[in-house]
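For reference, the structure is listed below as C-alpha cells.
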Amino acid sequence: MTQHLPVLLVVVPLVAAPIAALLNRPRLSWAVAVGATLWALYAALELLSQTMVSGAIHYELGGWTAPYGIEYVVDAANAWVVVIVALIGALVTPYARKSVEREITKDRIPLFYAAFILCLTGLLGIAVTGDVFNVFVFLEISSLSAYALIALGNDRRALTASFQYLIMGSVGATFIVIGIGLMYIMTGTLNMADLADRLPEVASSRTIPVAFTFLTVGITLKLALFPLHMWLPNAYTYAPSAVTAFIASTATKVAVYLLLRFFFTIFGATFSFDVMQLDRILMPLALIAIVAMSLVAIYQENVKRLLAYSSVAQIGYMVLGISFVSVLGLTAGILHLFNHALMKGALFMSMGCVMYRVGSVRLEQMNGLGRAMPWTMAAFVVGGLSLIGVPLTVGFVSKWYLVQAALEQGMWPVAGVVLLGSLLALMYVWKVVEVAYFREVDPELGISEAPLSLLAPTWVLVLGNLYFGINASESVGVATRAAEILLGVL
Amino acid sequence: MTALGLFNYWAVIFLMMVGFYTLIARGNLVKKIIGLNIFQTSVFILYITMGKIAGGTAPIFVKGGEDVSYSNPIPHVLILTAIVVGVATSAVGLSLVIRIKEAFGTIEEDEIQDESL
C-alpha cells in the first residue's frame, strides 16, 4: 500500500467528501471529516519521511508512463507543503465541530464538511501532482469549495466577499490555463519534468515569455501578492472562523508553492530570473506589501480583518525570500510557509474562540478579555509575538534567515524593511493586547473561557510555534533541502 | 501564415477582451458572470485551435493509412474538463447572486456597496 500513498493521499479525501454530504448528519459528517484529515496527515508525514530518506517519489497514475500519463511527483518541497496543509486540516477539523455549530445553521453543517474536505483534497492535489493541467483541475476544486465555505459566513457581506473572490479567483485560474495552453502549443507536453526539458529549446520564441507572464499574473493573484490581494481581506473577515483558520494557513501557501514549482522547476531559475528578471518585480512588490499592508493592519477595528491584512504582509516576506534566488533566501521563504501557517493558524483559531463566546471580533467588544478568557488571549499573545518575530518563536527563525539572505547579497535596506515590518507588527498586535489586558471587563456580559475542544487545537499550534522556534533544526533541514532541489544545486 | 489563417486566434483575442471588459466594467453581478463565461470560452477556443493540424483528420485510426496525419485530441479532452469547471464556476457564481439578491435586495455592485456601509 505504501507505494500508492501519493494517490491515496488525494483519493481518500476525495471519496470522503460525497460520503460526508450523503450521511447528512452533522456529527457523522464531522466524523468522516476527522477520518479524512487524519488519514491525510498520516500519508503526508509518511511521504515526507520517505522523500527525506530516499529522494523524490514518482507515481504513475493507472500505470501510464510518465510524459503521456499523469504523474505524481513528491520531493522535499511539495512533501513539506502537503504536511502543512494536512496538519492544519487535522487541527481545524476537531476545532470546527463546536465553532461551526455556533456559526452555521444546522442543515448546512454536513455540506460544510463536504466542502471542507473537498477544499483539502484540492490543496493536497495541487501539491503532489507533476502535471500542469492537473494543477488547474485541483486548483479549481479547492477554489470552488473555498467560495462555498466563505459564503457560509453569518454576515451577509460574506456573500459579496465570496463573489468577489470567485470573480478574481476564476480570472487568476483562467490566466493560469492560458499560460499552460501556450506552453503546450510550444512543447506538446503537460508533464512538469518533460516541460522543464523541452522549454529551453523554445524559450527564445515570443510565446513562452507570454505564457510566463500569464502564469505570473495568475499565480500572484492566487497567492494574494500586493496589489492583487483585493479579494483576501473581506474573504478572511466574513468567512466562518474555522474556514478562515484553515484557508489563511493553507490556500495562499499552496499558491506560493505553485510559484516555486513553475518558476524554478519548470521554467528554471535561469530563464525566470536572468532572462525574464522576475525578481525585479517580485522584490519591490513584496517590500511594498510588507510595509503598506502592515500599516493598513494597524488601522483595523475588526481583529480578523487586521490579521487578514497582516497575512498579505506576511506573504510579502515569503515572496521576498523567493526573490533573492539564493539557497538561503528560498530556505527563508519555504520556512516561512510553515511558520506562518503555525502562527496565523493559532491567531485565527484564538479569534474563533472569541467569536464563540463574544459573538464578535471587533476591538470595542474585546475589553478585558485577557481576564475573561485567559487561555484564548494567551494563545493570541504567543501567536502575536511570533508574528513580530520575538526570539524563541518561529517568527524569529524566519526573519533570521530572511535578514541573513538579504545581508548575503549586501542588501542592507531590504534587511531594514524586514525589521521595520516587525515593528509595525508590534504595533498592531499591541493594539489588541492593550484592549484585552489593560481595559476593564464588563462583568454583566458573563464571558467565560472557550470550551476545551476549541482551545486544545489552538494550543497545539501555539506550542508548535514555540517548539519549532526553539528547535528549528528539523524545519530548517527540510526547507534547505527543498530550496536546494528547487534551485537544482542538489 | 496569413492574417486570415490566424482567424481563430483573432476570435480568441476578441472574445477574451470582450469577456474581460464586461467582467471589469459592468456593475451587474449577472453580467459579470456572463463576462467571466465569455472570457473562459475564449480560452476553450484557444485550446481547440491549437489541436488542429493542417491537413489532419479526426483522430480515429485509419486502417492501412500510414501517411495520414491526425489532429491532436488531447486539447479537446483538456477543454472538456475546463468546460465542466466553467459550468461549475457559473453555477456557484449565480447561486451566490441569488443569495446576494435575497440578502441585499439588489444585484447592482454600487447599490450593494451603499447597503454594506
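Chain labels run A, B, ... following the order of the C-alpha cells; each chain numbers its residues from 1, and ligands are numbered from 1 in the order shown.
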### Query
Within 9 Å of Gly86 of chain B, counting only C-alpha atoms, which residues qualify if same-chain residues fewer than 6 places away don't, as JSON, numbers by chain?
{"A": [170], "B": [36, 37, 40, 41]}
Return as a PDB file with N, CA and C atoms, in the first residue's frame the residues belonging to chain B that are within 9 Å of chain A, counting only C-alpha atoms.
```
ATOM      1  N   PHE B  20     -13.407  40.014 -20.667  1.00  0.00           N
ATOM      2  CA  PHE B  20     -12.657  40.648 -19.588  1.00  0.00           C
ATOM      3  C   PHE B  20     -13.199  42.050 -19.316  1.00  0.00           C
ATOM      4  N   LEU B  23     -16.487  41.844 -17.513  1.00  0.00           N
ATOM      5  CA  LEU B  23     -16.197  41.443 -16.140  1.00  0.00           C
ATOM      6  C   LEU B  23     -15.774  42.633 -15.278  1.00  0.00           C
ATOM      7  N   LEU B  29     -24.116  41.968 -11.260  1.00  0.00           N
ATOM      8  CA  LEU B  29     -23.379  40.750 -10.936  1.00  0.00           C
ATOM      9  C   LEU B  29     -23.621  39.641 -11.948  1.00  0.00           C
ATOM     10  N   LYS B  32     -21.490  40.256 -14.847  1.00  0.00           N
ATOM     11  CA  LYS B  32     -20.102  39.883 -14.525  1.00  0.00           C
ATOM     12  C   LYS B  32     -19.877  38.392 -14.778  1.00  0.00           C
ATOM     13  N   ILE B  33     -20.844  37.567 -14.336  1.00  0.00           N
ATOM     14  CA  ILE B  33     -20.704  36.124 -14.533  1.00  0.00           C
ATOM     15  C   ILE B  33     -20.693  35.793 -16.031  1.00  0.00           C
ATOM     16  N   LEU B  36     -17.395  36.612 -17.387  1.00  0.00           N
ATOM     17  CA  LEU B  36     -16.448  35.564 -17.000  1.00  0.00           C
ATOM     18  C   LEU B  36     -16.592  34.365 -17.930  1.00  0.00           C
ATOM     19  N   PHE B  39     -15.073  35.108 -21.291  1.00  0.00           N
ATOM     20  CA  PHE B  39     -13.621  35.087 -21.093  1.00  0.00           C
ATOM     21  C   PHE B  39     -13.101  33.648 -21.098  1.00  0.00           C
ATOM     22  N   GLN B  40     -13.803  32.776 -20.371  1.00  0.00           N
ATOM     23  CA  GLN B  40     -13.359  31.379 -20.310  1.00  0.00           C
ATOM     24  C   GLN B  40     -13.556  30.685 -21.653  1.00  0.00           C
ATOM     25  N   VAL B  43     -10.772  30.936 -24.026  1.00  0.00           N
ATOM     26  CA  VAL B  43      -9.663  30.021 -23.755  1.00  0.00           C
ATOM     27  C   VAL B  43      -9.977  28.631 -24.306  1.00  0.00           C
ATOM     28  N   LEU B  46      -9.099  28.738 -27.832  1.00  0.00           N
ATOM     29  CA  LEU B  46      -7.637  28.731 -27.981  1.00  0.00           C
ATOM     30  C   LEU B  46      -7.111  27.294 -27.951  1.00  0.00           C
ATOM     31  N   TYR B  47      -7.600  26.513 -26.993  1.00  0.00           N
ATOM     32  CA  TYR B  47      -7.128  25.129 -26.871  1.00  0.00           C
ATOM     33  C   TYR B  47      -7.545  24.294 -28.077  1.00  0.00           C
ATOM     34  N   MET B  50      -5.446  25.024 -31.116  1.00  0.00           N
ATOM     35  CA  MET B  50      -4.077  24.518 -31.141  1.00  0.00           C
ATOM     36  C   MET B  50      -4.030  23.022 -31.436  1.00  0.00           C
ATOM     37  N   GLY B  51      -5.156  22.319 -31.272  1.00  0.00           N
ATOM     38  CA  GLY B  51      -5.154  20.883 -31.553  1.00  0.00           C
ATOM     39  C   GLY B  51      -5.234  20.574 -33.031  1.00  0.00           C
ATOM     40  N   PRO B  75      -5.899  18.412 -26.520  1.00  0.00           N
ATOM     41  CA  PRO B  75      -6.523  19.686 -26.103  1.00  0.00           C
ATOM     42  C   PRO B  75      -8.037  19.580 -25.972  1.00  0.00           C
ATOM     43  N   LEU B  78      -8.708  18.056 -22.655  1.00  0.00           N
ATOM     44  CA  LEU B  78      -8.424  19.020 -21.589  1.00  0.00           C
ATOM     45  C   LEU B  78      -9.570  20.005 -21.468  1.00  0.00           C
ATOM     46  N   THR B  81     -12.674  19.036 -19.639  1.00  0.00           N
ATOM     47  CA  THR B  81     -12.527  19.262 -18.199  1.00  0.00           C
ATOM     48  C   THR B  81     -12.753  20.725 -17.851  1.00  0.00           C
ATOM     49  N   ALA B  82     -12.142  21.597 -18.676  1.00  0.00           N
ATOM     50  CA  ALA B  82     -12.247  23.026 -18.377  1.00  0.00           C
ATOM     51  C   ALA B  82     -13.682  23.516 -18.524  1.00  0.00           C
ATOM     52  N   VAL B  85     -15.445  22.677 -15.404  1.00  0.00           N
ATOM     53  CA  VAL B  85     -15.050  23.637 -14.377  1.00  0.00           C
ATOM     54  C   VAL B  85     -15.768  24.962 -14.577  1.00  0.00           C
ATOM     55  N   GLY B  86     -15.870  25.390 -15.862  1.00  0.00           N
ATOM     56  CA  GLY B  86     -16.540  26.651 -16.156  1.00  0.00           C
ATOM     57  C   GLY B  86     -18.004  26.614 -15.761  1.00  0.00           C
ATOM     58  N   ALA B  88     -19.327  24.711 -13.468  1.00  0.00           N
ATOM     59  CA  ALA B  88     -19.397  24.699 -12.008  1.00  0.00           C
ATOM     60  C   ALA B  88     -19.194  26.104 -11.456  1.00  0.00           C
ATOM     61  N   THR B  89     -18.231  26.829 -12.039  1.00  0.00           N
ATOM     62  CA  THR B  89     -17.977  28.189 -11.570  1.00  0.00           C
ATOM     63  C   THR B  89     -19.208  29.068 -11.766  1.00  0.00           C
ATOM     64  N   VAL B  92     -21.898  28.122  -9.172  1.00  0.00           N
ATOM     65  CA  VAL B  92     -21.608  28.677  -7.843  1.00  0.00           C
ATOM     66  C   VAL B  92     -21.814  30.192  -7.859  1.00  0.00           C
ATOM     67  N   GLY B  93     -21.324  30.847  -8.929  1.00  0.00           N
ATOM     68  CA  GLY B  93     -21.441  32.302  -9.024  1.00  0.00           C
ATOM     69  C   GLY B  93     -22.892  32.750  -9.044  1.00  0.00           C
ATOM     70  N   LEU B  96     -24.608  32.330  -5.777  1.00  0.00           N
ATOM     71  CA  LEU B  96     -24.218  33.430  -4.888  1.00  0.00           C
ATOM     72  C   LEU B  96     -25.010  34.683  -5.212  1.00  0.00           C
ATOM     73  N   VAL B  97     -25.233  34.926  -6.510  1.00  0.00           N
ATOM     74  CA  VAL B  97     -26.001  36.111  -6.898  1.00  0.00           C
ATOM     75  C   VAL B  97     -27.410  36.032  -6.310  1.00  0.00           C
ATOM     76  N   ARG B  99     -28.337  34.468  -3.586  1.00  0.00           N
ATOM     77  CA  ARG B  99     -28.244  34.736  -2.141  1.00  0.00           C
ATOM     78  C   ARG B  99     -28.012  36.230  -1.884  1.00  0.00           C
ATOM     79  N   ILE B 100     -27.197  36.858  -2.749  1.00  0.00           N
ATOM     80  CA  ILE B 100     -26.940  38.291  -2.575  1.00  0.00           C
ATOM     81  C   ILE B 100     -28.227  39.081  -2.779  1.00  0.00           C
ATOM     82  N   ALA B 103     -30.256  38.812   0.288  1.00  0.00           N
ATOM     83  CA  ALA B 103     -29.719  39.498   1.460  1.00  0.00           C
ATOM     84  C   ALA B 103     -29.704  41.017   1.291  1.00  0.00           C
ATOM     85  N   PHE B 104     -29.437  41.485   0.081  1.00  0.00           N
ATOM     86  CA  PHE B 104     -29.275  42.930  -0.120  1.00  0.00           C
ATOM     87  C   PHE B 104     -30.431  43.550  -0.891  1.00  0.00           C
ATOM     88  N   ILE B 112     -25.044  47.632  -3.678  1.00  0.00           N
ATOM     89  CA  ILE B 112     -24.628  46.725  -2.604  1.00  0.00           C
ATOM     90  C   ILE B 112     -23.614  47.428  -1.709  1.00  0.00           C
ATOM     91  N   SER B 116     -23.825  48.095   2.274  1.00  0.00           N
ATOM     92  CA  SER B 116     -22.885  47.485   3.227  1.00  0.00           C
ATOM     93  C   SER B 116     -22.357  48.468   4.243  1.00  0.00           C
TER      94      SER B 116
END
```
### Message
Can you pull out the residues contacting Ser29 of chain A? Cut-off 10 Å, using only C-alpha atoms, and skip same-chain residues under 2 positions away; I want them as a ChimeraX atom specification.
### Response
/A:16-27,31-35,109-114
Report the closest atom pair, with its distance in Å rounded to one decimal, for each residue of segment 248-357 of chain A that has an atom no farther than 7 Å from segment 382-392 of chain A; count only C-alpha atoms, sort by chain and then rising residue number, and write it as JSON lines.
```
{"residue": "A:Met343", "atom": "CA", "partner": "A:Gly383", "partner_atom": "CA", "distance": 5.1}
{"residue": "A:Ala346", "atom": "CA", "partner": "A:Gly383", "partner_atom": "CA", "distance": 6.1}
{"residue": "A:Leu347", "atom": "CA", "partner": "A:Gly383", "partner_atom": "CA", "distance": 5.6}
```
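Of the listed residues (A:Phe468, A:Tyr42, A:Trp30, A:Trp412), A:Tyr42 comes nearest to Leu8 of chain A; the distances count only C-alpha atoms.
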### Summary
The residue from B:Val30, B:Thr22, B:Val77, B:Lys52 with the smallest atom-to-atom distance to Ile98 of chain B, counting only C-alpha atoms, is B:Val30
### Task
Using DSSP on the backbone coordinates, identify all residues within segment 137-338 of chain A classified as helix (DSSP H, G or I); present the result as a PyMOL selection string.
chain A and resi 137-151+157-187+192-202+207-222+232-238+241-266+269-275+279-298+303-323+327-338
### Task
Work out how far atom CA of Tyr401 of chain A is from atom CA of Thr480 of chain A, in Å to one decimal.
10.8 Å
### Message
At a cut-off of 10 Å, using only C-alpha atoms, what residues contact Gly130 of chain A? Leave out same-chain residues fewer than 4 positions from it and give the result as JSON, numbers by chain.
### Response
{"A": [58, 59, 60, 66, 67, 70, 71, 72, 73, 74, 125, 126, 134, 135, 190, 191, 192, 193, 194, 261]}
#### Entry: Distance query Leu14 of chain A at most 9 Å, only C-alpha atoms, self and fewer than 4 positions along chain excluded, as number ranges by chain
A: 10, 18, 36, 117-118, 120-122
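Our summary of the geometry notes that atom CA of Val7 of chain A is positioned 10.8 Å from atom CA of Ala40 of chain A.
For the set B:Gly19, B:Gly55, B:Gly27, B:Gly5, the residue with the smallest atom-to-atom gap to Glu109 of chain B is B:Gly27, counting only C-alpha atoms.
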